[in-house]
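Everything below concerns the one structure shown next.
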Amino acid sequence: MSTVLIIAGTDSSGGAGLTRDVRTLTRLDTHALCVVTAVTAQSDARFAALHVVPATLVQAQMSAALATRHVDAIKIGMLATRATVLAVAAALPAMAPPLVLDPVLASSSGGELLDEAGRRALCAALLPRTTLLTPNIPEAAALLGTRTARSDAELLEQATALLALGPAAVLLKGGHAAGPQASDLLLAAQAPPRWLRAPRIAAVRRGTGCALAAAIAAGLAAGLELGAACERAKQHVTELLRHAD
């Protein structure tokens with residue numbers, strides 16, 4: 001069984017964060033190691049409180065997890081602060097396995113989950129070490145300091161700009177767009193754009209971004225090529241939206 005190291009925050013509702021990540025990896029027959037970066041108190045409708053785990057403890061968790069067993073991929077979610085971003089970057093092994101970074105900037109139930117200084121540190125310290133960056137449309141705009149994309153052409157333009165910040169590839173998720181299809185754009189250096197499309201489902205589930213990134217990490221850990229890992233992960237999230245979970 002392959003292993004993914006999850007670095008993320010908790011969600012007391014169980015809908016997103018580490019809980020969603022572990023459930024996703026379990027369904028994909030993947031072992032999970034966990035590093036807690038923050039504890040949140042939230043429900044599906046309301047964000048109540050946030051406690052950030054000290055950066056030194058985040059590093060200690062990473063060191064312990066990496067010493068426990070071989071890690072085949074890393075998935076990073078909520079980081080909350082600049083100090084945590086820098087701590088995670090410093091604790092990554094020199095020869096890190098594939099790294100999927102889901103830039104969690106805000107909770108769907110309200111509440112900022114990465115401050116502005118943290119966003120700048122994320123771009124400088126983590127994106128150049130990232131195998132795949134998985135922002136949604138609002139997150140892409142926030143990272144670039146621009147308006148949200150409103151067309152396939154603008155999605156491509158923003159994915160290209162994000163790629164220039166250092167990740168090996170970008171999966172710009174189109175779930176926040178309109179139209180009959182949910183279209184995600186996979187872009188890697190020196191490769192043609194690849195659109196992953198599925199019928200848009202009239203359902204709302206918290207934690208779909210977490211599930212997608214975790215599922216991609218599971219695929220990479222199992223040795224799947226990046227495009228195949230993204231395709232399988234999108235199918236997983238489509239099923240998650242079709243069925244109450």
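Convention: chains lettered A, B, ... in structure tokens order; per-chain residue numbering from 1; ligands numbered from 1 as shown.
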
Using DSSP secondary structure from the backbone, list all alpha helix (DSSP H) positions within region 4-101 of chain A, as JSON, numbers by chain. {"A": [17, 18, 19, 20, 21, 22, 23, 24, 25, 26, 27, 55, 56, 57, 58, 59, 60, 61, 62, 63, 64, 65, 66, 67, 68, 82, 83, 84, 85, 86, 87, 88, 89, 90, 91]}

Atoms to include: C-alpha atoms. Write the selected residues as a PDB file, in the first residue's frame.
ATOM      1  CA  GLY A  17      -9.605  19.204   5.754  1.00  0.00           C
ATOM      2  CA  LEU A  18      -7.795  16.232   7.227  1.00  0.00           C
ATOM      3  CA  THR A  19     -10.972  14.220   7.761  1.00  0.00           C
ATOM      4  CA  ARG A  20     -11.925  14.460   4.099  1.00  0.00           C
ATOM      5  CA  ASP A  21      -8.349  13.727   3.032  1.00  0.00           C
ATOM      6  CA  VAL A  22      -8.088  10.557   5.111  1.00  0.00           C
ATOM      7  CA  ARG A  23     -11.493   9.309   3.960  1.00  0.00           C
ATOM      8  CA  THR A  24     -10.437   9.881   0.353  1.00  0.00           C
ATOM      9  CA  LEU A  25      -7.125   8.051   0.750  1.00  0.00           C
ATOM     10  CA  THR A  26      -8.816   5.147   2.536  1.00  0.00           C
ATOM     11  CA  ARG A  27     -11.256   4.702  -0.332  1.00  0.00           C
ATOM     12  CA  ALA A  55       5.263  26.199  13.522  1.00  0.00           C
ATOM     13  CA  THR A  56       7.788  24.282  15.623  1.00  0.00           C
ATOM     14  CA  LEU A  57       5.180  21.609  16.350  1.00  0.00           C
ATOM     15  CA  VAL A  58       4.270  21.410  12.651  1.00  0.00           C
ATOM     16  CA  GLN A  59       7.932  20.734  11.869  1.00  0.00           C
ATOM     17  CA  ALA A  60       8.154  18.155  14.659  1.00  0.00           C
ATOM     18  CA  GLN A  61       5.093  16.356  13.255  1.00  0.00           C
ATOM     19  CA  MET A  62       6.631  16.320   9.781  1.00  0.00           C
ATOM     20  CA  SER A  63       9.918  14.933  11.040  1.00  0.00           C
ATOM     21  CA  ALA A  64       8.130  12.190  12.987  1.00  0.00           C
ATOM     22  CA  ALA A  65       5.875  11.281  10.058  1.00  0.00           C
ATOM     23  CA  LEU A  66       8.741  11.143   7.564  1.00  0.00           C
ATOM     24  CA  ALA A  67      10.707   8.935   9.962  1.00  0.00           C
ATOM     25  CA  THR A  68       7.781   6.543  10.384  1.00  0.00           C
ATOM     26  CA  ARG A  82       3.418  32.663   6.879  1.00  0.00           C
ATOM     27  CA  ALA A  83       5.261  30.966   9.753  1.00  0.00           C
ATOM     28  CA  THR A  84       3.590  27.650   8.982  1.00  0.00           C
ATOM     29  CA  VAL A  85       4.299  27.957   5.255  1.00  0.00           C
ATOM     30  CA  LEU A  86       7.989  28.557   5.945  1.00  0.00           C
ATOM     31  CA  ALA A  87       8.120  25.751   8.520  1.00  0.00           C
ATOM     32  CA  VAL A  88       6.633  23.260   6.056  1.00  0.00           C
ATOM     33  CA  ALA A  89       8.992  24.363   3.294  1.00  0.00           C
ATOM     34  CA  ALA A  90      12.000  23.980   5.601  1.00  0.00           C
ATOM     35  CA  ALA A  91      10.931  20.510   6.763  1.00  0.00           C
TER      36      ALA A  91
END

Strand (DSSP E) per DSSP on the backbone: members of region 5-117 of chain A, as a ChimeraX atom specification: /A:5-11,31-42,47-52,73-76,99-101

Can you pull out every residue within 6 Å of Lys75 (chain A), counting only C-alpha atoms, but drop anything in the same chain fewer than 5 positions away, and send it as a list in words?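 Neighbouring residues, sequence-local ones excluded: Ile6, Leu99, Val100 and Leu101 of chain A.
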
Using the selection just defined, write its residues with C-alpha atoms as a tab-separated table (two decimals), in the first residue's frame.
chain	number	residue	atom	x	y	z
A	6	ILE	CA	-1.18	14.97	4.49
A	99	LEU	CA	3.81	17.19	-3.96
A	100	VAL	CA	0.21	18.30	-4.55
A	101	LEU	CA	-0.55	21.75	-3.15

Region 130-137 of chain A surroundings by only C-alpha atoms, 10 Å radius, close-in-sequence under 4 positions cut, as a ChimeraX atom specification: /A:73-77,96-105,125-126,141-143,147-150,155,158-159,162-163,166-177,184-188,209-210,212-213,216-217,220,226,230

Can you spit out the residues from that selection as a short mmCIF file (atom, residue, chain, number, x, y, z; two decimals), in the first residue's frame, using C-alpha atoms?
data_model
loop_
_atom_site.label_atom_id
_atom_site.label_comp_id
_atom_site.auth_asym_id
_atom_site.auth_seq_id
_atom_site.Cartn_x
_atom_site.Cartn_y
_atom_site.Cartn_z
CA ALA A 73 3.52 11.60 -2.22
CA ILE A 74 2.69 14.68 -0.16
CA LYS A 75 -0.58 16.62 -0.13
CA ILE A 76 -0.60 20.10 1.39
CA GLY A 77 -3.83 21.90 2.27
CA ALA A 96 10.75 15.21 -1.89
CA PRO A 97 8.23 12.86 -3.52
CA PRO A 98 5.48 14.29 -5.76
CA LEU A 99 3.81 17.19 -3.96
CA VAL A 100 0.21 18.30 -4.55
CA LEU A 101 -0.55 21.75 -3.15
CA ASP A 102 -4.17 22.80 -2.65
CA PRO A 103 -3.96 26.53 -1.82
CA VAL A 104 -6.68 26.72 0.83
CA LEU A 105 -7.29 30.44 1.25
CA ALA A 125 8.81 29.08 -0.77
CA LEU A 126 6.46 26.28 -1.81
CA ALA A 141 -7.39 35.14 -8.89
CA ALA A 142 -6.35 35.81 -5.29
CA LEU A 143 -2.88 34.35 -5.78
CA ARG A 147 -10.16 39.35 -11.20
CA THR A 148 -11.71 35.90 -11.43
CA ALA A 149 -11.56 34.21 -14.83
CA ARG A 150 -14.80 34.28 -16.81
CA LEU A 155 -8.60 30.32 -17.32
CA GLN A 158 -4.31 32.56 -15.35
CA ALA A 159 -3.05 28.97 -15.36
CA LEU A 162 0.47 30.51 -12.06
CA LEU A 163 2.80 28.11 -13.88
CA GLY A 166 7.25 27.77 -10.23
CA PRO A 167 5.03 24.67 -9.97
CA ALA A 168 5.64 21.90 -12.47
CA ALA A 169 1.94 21.84 -13.34
CA VAL A 170 -1.33 23.59 -12.52
CA LEU A 171 -4.84 22.15 -12.35
CA LEU A 172 -7.16 25.16 -12.40
CA LYS A 173 -10.54 23.90 -11.20
CA GLY A 174 -13.65 25.23 -12.91
CA GLY A 175 -16.26 24.27 -10.35
CA HIS A 176 -17.08 27.92 -9.61
CA ALA A 177 -17.81 28.68 -13.26
CA ASP A 184 -10.79 21.81 -15.12
CA LEU A 185 -7.65 22.91 -16.96
CA LEU A 186 -4.43 20.92 -16.55
CA LEU A 187 -1.37 22.82 -17.73
CA ALA A 188 2.27 21.78 -17.51
CA GLY A 209 -11.22 20.53 -3.29
CA CYS A 210 -9.59 18.57 -0.47
CA LEU A 212 -9.61 16.12 -5.41
CA ALA A 213 -6.10 17.02 -4.27
CA ILE A 216 -4.50 13.08 -7.12
CA ALA A 217 -1.80 12.56 -4.50
CA LEU A 220 0.79 9.86 -7.98
CA LEU A 226 -0.14 13.09 -13.72
CA CYS A 230 -6.13 13.93 -12.31
#

Env of His51 (chain A): 7 Å cut, atoms = only C-alpha atoms, seq-sep filter 4 positions within chain, self excluded. Answer as a list of chain:residue names.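 So, after excluding close chain neighbours, the residues are A:Ala38, A:Val39, A:Thr40.
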
Residues from the last selection, C-alpha atoms, saved as a PDB file, in the first residue's frame:
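What follows is the written file result_33.pdb:
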ATOM      1  CA  ALA A  38      -4.498  24.284  12.458  1.00  0.00           C
ATOM      2  CA  VAL A  39      -7.712  23.418  14.284  1.00  0.00           C
ATOM      3  CA  THR A  40     -10.947  24.997  13.122  1.00  0.00           C
TER       4      THR A  40
END

Using only C-alpha atoms, the residue out of A:Pro128, A:Pro193, A:Gly227, A:Gly9 with shortest distance to Leu114 (chain A) is A:Gly9
